[in-house]
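Chemist: Structure supplied as final_25.cif; contents: mmCIF, C-alpha atoms and all ligand atoms.
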```cif
data_model
loop_
_atom_site.label_atom_id
_atom_site.label_comp_id
_atom_site.auth_asym_id
_atom_site.auth_seq_id
_atom_site.Cartn_x
_atom_site.Cartn_y
_atom_site.Cartn_z
CA MET B 1 -2.22 8.66 -39.96
CA ILE B 2 0.09 10.94 -41.96
CA LYS B 3 0.68 14.56 -40.92
CA ILE B 4 0.40 17.35 -43.48
CA ILE B 5 1.36 21.02 -43.60
CA VAL B 6 -0.59 23.08 -46.15
CA PHE B 7 0.80 26.28 -47.72
CA ILE B 8 -1.75 28.80 -49.03
CA SER B 9 -1.90 32.34 -50.46
CA GLY B 10 -5.60 33.03 -50.97
CA ARG B 11 -9.17 31.95 -50.46
CA GLY B 12 -8.23 28.42 -49.38
CA SER B 13 -10.96 26.46 -51.18
CA ASN B 14 -8.52 23.58 -51.77
CA LEU B 15 -7.60 23.69 -48.07
CA LYS B 16 -11.31 23.50 -47.20
CA ALA B 17 -11.72 20.47 -49.48
CA LEU B 18 -8.72 18.80 -47.82
CA LEU B 19 -10.13 19.50 -44.35
CA LYS B 20 -13.38 17.71 -45.29
CA ASN B 21 -11.45 14.45 -45.77
CA GLU B 22 -9.38 14.72 -42.63
CA ASN B 23 -10.25 11.21 -41.43
CA GLU B 24 -7.55 9.94 -43.83
CA TYR B 25 -4.76 12.28 -42.68
CA GLN B 26 -4.15 15.12 -40.23
CA ILE B 27 -3.49 18.72 -41.25
CA CYS B 28 -1.24 19.88 -38.42
CA HIS B 29 -0.36 23.40 -39.61
CA VAL B 30 -1.33 25.92 -42.29
CA ILE B 31 1.25 28.44 -43.51
CA SER B 32 0.32 31.56 -45.46
CA ASP B 33 2.52 34.17 -47.12
CA LYS B 34 -0.30 36.71 -46.74
CA PRO B 35 -2.06 38.00 -43.62
CA ASP B 36 -5.85 38.29 -43.38
CA ILE B 37 -6.76 35.98 -46.23
CA GLU B 38 -9.86 33.81 -46.39
CA GLY B 39 -7.72 30.66 -46.24
CA LEU B 40 -6.42 31.60 -42.77
CA ALA B 41 -10.01 32.07 -41.59
CA VAL B 42 -10.75 28.56 -42.93
CA ALA B 43 -7.81 27.18 -40.88
CA GLN B 44 -8.97 29.05 -37.78
CA ALA B 45 -12.57 27.86 -38.17
CA HIS B 46 -11.25 24.28 -38.19
CA GLU B 47 -8.94 25.02 -35.26
CA VAL B 48 -5.83 24.20 -37.25
CA ILE B 49 -2.63 25.91 -36.06
CA ASN B 50 -1.76 28.55 -38.63
CA SER B 51 1.11 30.93 -39.27
CA TYR B 52 1.49 33.97 -41.45
CA ILE B 53 5.06 34.39 -42.68
CA ASN B 54 6.07 37.65 -44.38
CA TRP B 55 7.71 36.48 -47.61
CA GLN B 56 9.40 39.76 -48.59
CA ASP B 57 12.75 38.29 -47.68
CA ARG B 58 12.58 34.76 -49.10
CA SER B 59 15.59 33.36 -47.23
CA ARG B 60 14.22 34.54 -43.92
CA ALA B 61 10.72 33.27 -44.76
CA GLU B 62 12.04 29.87 -45.78
CA ARG B 63 14.10 29.67 -42.56
CA ILE B 64 10.95 30.26 -40.50
CA ALA B 65 8.98 27.76 -42.60
CA THR B 66 11.81 25.22 -42.19
CA ASP B 67 11.70 25.61 -38.41
CA ILE B 68 7.94 25.00 -38.41
CA ILE B 69 8.35 21.95 -40.65
CA ASN B 70 11.17 20.55 -38.51
CA ASN B 71 9.07 21.02 -35.36
CA GLU B 72 5.92 19.47 -36.81
CA ALA B 73 7.76 16.74 -38.77
CA PRO B 74 5.01 16.31 -41.39
CA ASP B 75 5.03 13.42 -43.85
CA LEU B 76 3.79 15.67 -46.64
CA ILE B 77 3.73 19.37 -47.55
CA VAL B 78 0.88 20.47 -49.82
CA LEU B 79 1.06 23.71 -51.80
CA ALA B 80 -2.63 24.52 -52.28
CA GLY B 81 -2.79 27.79 -54.16
CA PHE B 82 0.55 28.93 -52.73
CA MET B 83 1.78 31.67 -55.06
CA LYS B 84 5.44 32.03 -54.07
CA ILE B 85 8.31 30.24 -55.78
CA LEU B 86 10.34 28.15 -53.34
CA SER B 87 14.13 28.05 -53.63
CA THR B 88 15.91 24.90 -54.77
CA GLU B 89 17.65 24.82 -51.38
CA PHE B 90 14.23 24.59 -49.70
CA THR B 91 12.68 22.08 -52.11
CA GLU B 92 15.79 19.87 -51.91
CA LYS B 93 15.58 19.83 -48.12
CA PHE B 94 12.11 18.28 -48.40
CA ARG B 95 12.71 16.35 -51.60
CA ASN B 96 9.83 14.05 -52.61
CA ARG B 97 7.72 15.39 -49.76
CA ILE B 98 6.22 18.53 -51.35
CA ILE B 99 3.29 18.42 -53.78
CA ASN B 100 1.59 21.26 -55.67
CA ILE B 101 -1.69 21.69 -57.50
CA HIS B 102 -1.44 23.67 -60.72
CA PRO B 103 -4.34 24.71 -62.99
CA SER B 104 -3.06 23.34 -66.31
CA LEU B 105 -2.16 20.05 -67.91
CA LEU B 106 1.56 20.17 -67.15
CA PRO B 107 4.06 20.26 -68.78
CA ASP B 108 1.84 22.70 -70.75
CA TYR B 109 1.28 26.17 -69.31
CA PRO B 110 3.43 26.42 -66.20
CA GLY B 111 3.22 29.82 -64.48
CA LEU B 112 0.37 32.32 -64.24
CA ASN B 113 -2.82 33.08 -66.24
CA THR B 114 -3.18 29.50 -67.45
CA HIS B 115 -6.88 29.82 -68.36
CA GLN B 116 -6.36 32.84 -70.63
CA ARG B 117 -3.32 31.26 -72.29
CA VAL B 118 -5.32 28.08 -73.00
CA LEU B 119 -8.04 30.23 -74.64
CA ASP B 120 -5.50 32.26 -76.62
CA ASP B 121 -4.11 29.02 -78.06
CA ASN B 122 -7.60 27.72 -78.98
CA GLN B 123 -7.13 24.59 -76.93
CA THR B 124 -10.16 22.34 -76.61
CA ILE B 125 -8.99 20.46 -73.51
CA HIS B 126 -7.74 22.01 -70.28
CA GLY B 127 -7.21 20.70 -66.78
CA ALA B 128 -5.19 20.61 -63.59
CA THR B 129 -2.18 18.66 -62.37
CA VAL B 130 -0.88 17.53 -59.00
CA HIS B 131 2.89 17.03 -59.02
CA TYR B 132 5.87 16.68 -56.72
CA VAL B 133 7.82 19.93 -56.47
CA ASP B 134 11.42 20.34 -57.51
CA GLY B 135 13.49 23.51 -57.91
CA LEU B 136 11.79 24.63 -61.15
CA LEU B 137 8.47 26.44 -61.51
CA ASP B 138 5.46 24.08 -61.74
CA HIS B 139 7.87 21.25 -62.44
CA GLY B 140 8.61 17.83 -60.99
CA GLN B 141 7.21 14.29 -61.16
CA THR B 142 3.55 14.43 -62.21
CA ILE B 143 1.16 12.38 -60.09
CA SER B 144 -2.37 13.00 -61.33
CA GLN B 145 -4.48 15.09 -63.70
CA THR B 146 -8.10 16.04 -64.27
CA HIS B 147 -9.61 17.43 -67.49
CA ILE B 148 -12.32 19.83 -68.64
CA SER B 149 -13.42 20.69 -72.16
CA VAL B 150 -13.05 24.24 -73.46
CA ASN B 151 -16.08 25.61 -75.32
CA HIS B 152 -16.08 28.48 -77.79
CA ASN B 153 -17.97 30.74 -75.35
CA ASP B 154 -15.68 30.05 -72.37
CA THR B 155 -13.79 32.87 -70.66
CA ALA B 156 -10.88 32.65 -68.24
CA GLU B 157 -13.43 33.02 -65.47
CA THR B 158 -15.78 30.24 -66.64
CA LEU B 159 -12.80 27.92 -67.09
CA ALA B 160 -11.54 28.71 -63.57
CA ASN B 161 -15.03 28.05 -62.16
CA LYS B 162 -15.41 24.78 -64.06
CA LEU B 163 -11.98 23.60 -63.01
CA ILE B 164 -11.95 24.48 -59.32
CA THR B 165 -14.43 21.79 -58.18
CA LYS B 166 -12.46 19.20 -60.14
CA GLU B 167 -9.24 20.52 -58.57
CA HIS B 168 -10.69 19.89 -55.11
CA LYS B 169 -11.42 16.26 -55.96
CA LEU B 170 -8.05 15.82 -57.70
CA LEU B 171 -6.08 17.18 -54.76
CA THR B 172 -7.98 15.37 -51.98
CA GLN B 173 -7.98 12.03 -53.80
CA THR B 174 -4.28 12.35 -54.62
CA VAL B 175 -3.45 13.17 -50.99
CA CYS B 176 -5.54 10.15 -49.91
CA LEU B 177 -3.56 7.90 -52.27
CA ILE B 178 -0.35 9.15 -50.67
CA ALA B 179 -1.84 8.82 -47.16
CA ASN B 180 -2.89 5.22 -47.89
CA GLN B 181 0.56 4.48 -49.30
CA GLN B 182 -0.84 3.58 -52.70
CA ILE B 183 1.55 6.21 -54.05
CA TYR B 184 5.06 6.23 -52.62
CA TRP B 185 8.69 6.77 -53.54
CA HIS B 186 11.09 3.85 -53.75
CA ASN B 187 14.71 4.38 -54.83
CA ASN B 188 13.79 7.74 -56.34
CA CYS B 189 11.06 6.18 -58.45
CA LEU B 190 7.40 7.04 -57.84
CA LEU B 191 5.27 3.93 -57.50
CA TYR B 192 1.51 3.50 -57.74
CA ASN B 193 0.28 0.22 -56.22
CA GLY B 194 3.80 -1.18 -56.55
CA LYS B 195 4.38 -0.21 -60.21
CA ALA B 196 6.31 2.76 -61.62
CA LEU B 197 3.97 5.65 -62.39
CA THR B 198 4.84 6.33 -66.02
CA LYS B 199 1.89 8.59 -66.84
CA PRO B 200 -0.34 10.73 -64.64
CA LEU B 201 -3.28 9.07 -62.90
CA VAL B 202 -6.54 10.42 -64.28
CA ILE B 203 -9.00 11.54 -61.60
CA GLU B 204 -12.20 13.03 -63.05
C1 LIG A 301 -6.27 27.04 -57.60
O1 LIG A 301 -6.81 27.20 -58.86
C2 LIG A 301 -4.87 26.50 -57.72
O2 LIG A 301 -4.72 25.54 -58.71
C3 LIG A 301 -4.15 27.78 -58.10
O3 LIG A 301 -4.69 28.75 -57.25
C4 LIG A 301 -6.02 28.41 -56.96
C5 LIG A 301 -6.14 28.36 -55.47
O4 LIG A 301 -7.41 28.37 -55.02
N1 LIG A 301 -2.73 27.66 -58.08
P1 LIG A 301 -7.75 28.24 -53.48
O5 LIG A 301 -6.94 29.29 -52.72
O6 LIG A 301 -7.43 26.85 -53.04
O7 LIG A 301 -9.22 28.53 -53.40
#
```
Can you dump the structure from the file as structure tokens?

Modeler:
Amino acid sequence: MIKIIVFISGRGSNLKALLKNENEYQICHVISDKPDIEGLAVAQAHEVINSYINWQDRSRAERIATDIINNEAPDLIVLAGFMKILSTEFTEKFRNRIINIHPSLLPDYPGLNTHQRVLDDNQTIHGATVHYVDGLLDHGQTISQTHISVNHNDTAETLANKLITKEHKLLTQTVCLIANQQIYWHNNCLLYNGKALTKPLVIE
């Protein structure tokens, strides 16, 4: 069974969804850049070892996170609502082992306030993406996407609410595909069931 470390910054609903499927993998540690958040309470309720790291000094924070990762030796690191930008030095150290969930159809709308920006542009389709993390913001090999339609009466809040349940499914199913080795790296090429993944898997 693969070992996973999950990074969070907030309420931890994606973490909770991942914990529900733990028969496929083991979450060995949860790291948060904020103290006293709901996500840490979720980790504690599930008796998962958890650490708060003060991220004011990024180099120091990443050194502490690196020590934890080296001690736990996870197969995968999942950024589940983790709101800090990791340095290239850090992401390179764990190249092809860090994934992130982002609430937009990347490469469109990297960064913050994705729902409002989608509305401002009168988009009719929105969604979320799970991707491997490289040194750039919300960037790296895309793995999977889910979609929602945008209606004329939607607000940023209704879009976020519609999307979050689909995000949970997208993230857990993607992690399961990695855990079951249906998705894996070979010679720097991401394979899905033995074939190069040329476009994102659609998980609705
Ligand atoms: C999710 O929408 C995720 O895509 C975004 O932050 C939110 C995190 O939610 N980056 P939660 O903390 O998992 O509930």

Chemist: Mind giving me the straight-line distance from CA of Asp36 in chain B to CA of Val175 in chain B in Å, one decimal?

Modeler: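 Computed distance, CA of Asp36 in chain B to CA of Val175 in chain B, equals 26.4 Å.
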
Chemist: Using all atoms listed in the file, which of the listed residues (B:Ser59, B:Ser32, B:Thr174, B:Ser149) sits closest to ligand LIG 301 (chain A)?

Modeler: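 With all atoms listed in the file as the atom set, the closest residue is B:Ser32.
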
Chemist: Go through B:Gln141, B:Gln182, B:Asn50, B:Ser13 one by one, measure the shortest atom-to-atom distance of each to ligand LIG 301 (chain A) using all atoms listed in the file, and give the residue with the smallest value.

Modeler: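 Of B:Gln141, B:Gln182, B:Asn50, B:Ser13, the one nearest ligand LIG 301 (chain A) is B:Ser13, counting all atoms listed in the file.
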
Chemist: Counting only C-alpha atoms and all ligand atoms, what residues are within 7 Å of ligand LIG 301 (chain A), given as number ranges by chain?

Modeler: B: 8-15, 39, 80-83, 101-103, 128, 160, 164, 167

Chemist: What's the separation between CA of Trp185 in chain B and CA of Gly127 in chain B, in Å to one decimal place?

Modeler: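 Going from CA of Trp185 in chain B over to CA of Gly127 in chain B, I get 24.9 Å.
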
Chemist: Would you work out the distance separating CA of Gln26 in chain B from CA of Val78 in chain B, expressed in Å to one decimal?

Modeler: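 Computing the Euclidean distance for CA of Gln26 in chain B and CA of Val78 in chain B yields 12.1 Å.
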
Chemist: With 12 Å as the threshold, what does the neighbourhood of (-2.7, 32.4, -65.6) contain in terms of residues, counting all atoms listed in the file? Coordinates are those of the file; answer as a PyMOL selection string.

Modeler: chain B and resi 83+102-104+108-120+156-157+159-160

Chemist: The residues within 7 Å of (3.4, 35.6, -49.0), using all atoms listed in the file and the coordinates of the file, should be reported as a list of chain:residue names; which are they?

Modeler: B:Ser9, B:Ser32, B:Asp33, B:Lys34, B:Ile53, B:Asn54, B:Trp55, B:Lys84

Chemist: Would you write out those residues with C-alpha atoms, as a PDB file, keeping the file's coordinate frame?

Modeler:
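Contents of the output file again_3.pdb:
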```
ATOM      1  CA  SER B   9      -1.900  32.340 -50.460  1.00  0.00           C
ATOM      2  CA  SER B  32       0.320  31.560 -45.460  1.00  0.00           C
ATOM      3  CA  ASP B  33       2.520  34.170 -47.120  1.00  0.00           C
ATOM      4  CA  LYS B  34      -0.300  36.710 -46.740  1.00  0.00           C
ATOM      5  CA  ILE B  53       5.060  34.390 -42.680  1.00  0.00           C
ATOM      6  CA  ASN B  54       6.070  37.650 -44.380  1.00  0.00           C
ATOM      7  CA  TRP B  55       7.710  36.480 -47.610  1.00  0.00           C
ATOM      8  CA  LYS B  84       5.440  32.030 -54.070  1.00  0.00           C
TER       9      LYS B  84
END
```

Chemist: From the options B:Ile64, B:Leu86, B:Ile148, B:Leu171, which residue's atoms come nearest to Leu136 in chain B, counting all atoms listed in the file?

Modeler: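 Checking each candidate against Leu136 in chain B, we get B:Leu86 as the closest.
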
Chemist: Nearest to Leu190 in chain B among B:Ile143, B:Ile68, B:Leu76, B:Val202, with distances taken over all atoms listed in the file: which residue is it?

Modeler: B:Ile143

Chemist: Would you mind listing what lies within 12 Å of range 186-188 of chain B as a list in words, with only C-alpha atoms counted and same-chain residues fewer than 6 positions away left out?

Modeler: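 Here the qualifying residues turn out to be Arg95, Asn96, Arg97, Tyr132, Gln141, Gly194, Lys195, Ala196 and Leu197 of chain B.
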
Chemist: Now that the selection is made, can you save its residues with C-alpha atoms as a JSON list (two decimals), in the frame of the given file?

Modeler:
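What follows is the written file result.json:
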```json
[["chain", "number", "residue", "atom", "x", "y", "z"],
["B", 95, "ARG", "CA", 12.71, 16.35, -51.60],
["B", 96, "ASN", "CA", 9.83, 14.05, -52.61],
["B", 97, "ARG", "CA", 7.72, 15.39, -49.76],
["B", 132, "TYR", "CA", 5.87, 16.68, -56.72],
["B", 141, "GLN", "CA", 7.21, 14.29, -61.16],
["B", 194, "GLY", "CA", 3.80, -1.18, -56.55],
["B", 195, "LYS", "CA", 4.38, -0.21, -60.21],
["B", 196, "ALA", "CA", 6.31, 2.76, -61.62],
["B", 197, "LEU", "CA", 3.97, 5.65, -62.39]]
```

Chemist: In terms of the shortest atom-to-atom distance over all atoms listed in the file, which of B:Asn151, B:His168, B:Ala45, B:Lys3 is closest to Val130 in chain B?

Modeler: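 Closest candidate: B:His168.
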
Chemist: Using all atoms listed in the file, find the one residue out of B:Lys16, B:Arg63, B:His131, B:His147 that sits nearest to Leu40 in chain B.

Modeler: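 Using all atoms listed in the file, the shortest distance to Leu40 in chain B belongs to B:Lys16.
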
Chemist: If you count only C-alpha atoms, which residues fall within 10 Å of Ile2 in chain B, apart from same-chain ones fewer than 5 positions away, as a list in words?

Modeler: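 The neighbour list is Glu24, Tyr25, Gln26, Ile27, Cys28, Pro74, Asp75, Leu76, Val175, Cys176, Ile178, Ala179, Asn180 and Gln181 of chain B.
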
Chemist: Quick one: axis-aligned box around all listed atoms of range 132-144 of chain B, 4 Å on every side, centre and edge lengths in Å to one decimal, written as lines of an AutoDock Vina configuration file.

Modeler:
```
center_x = 5.6
center_y = 19.4
center_z = -59.5
size_x = 23.9
size_y = 22.1
size_z = 14.0
```
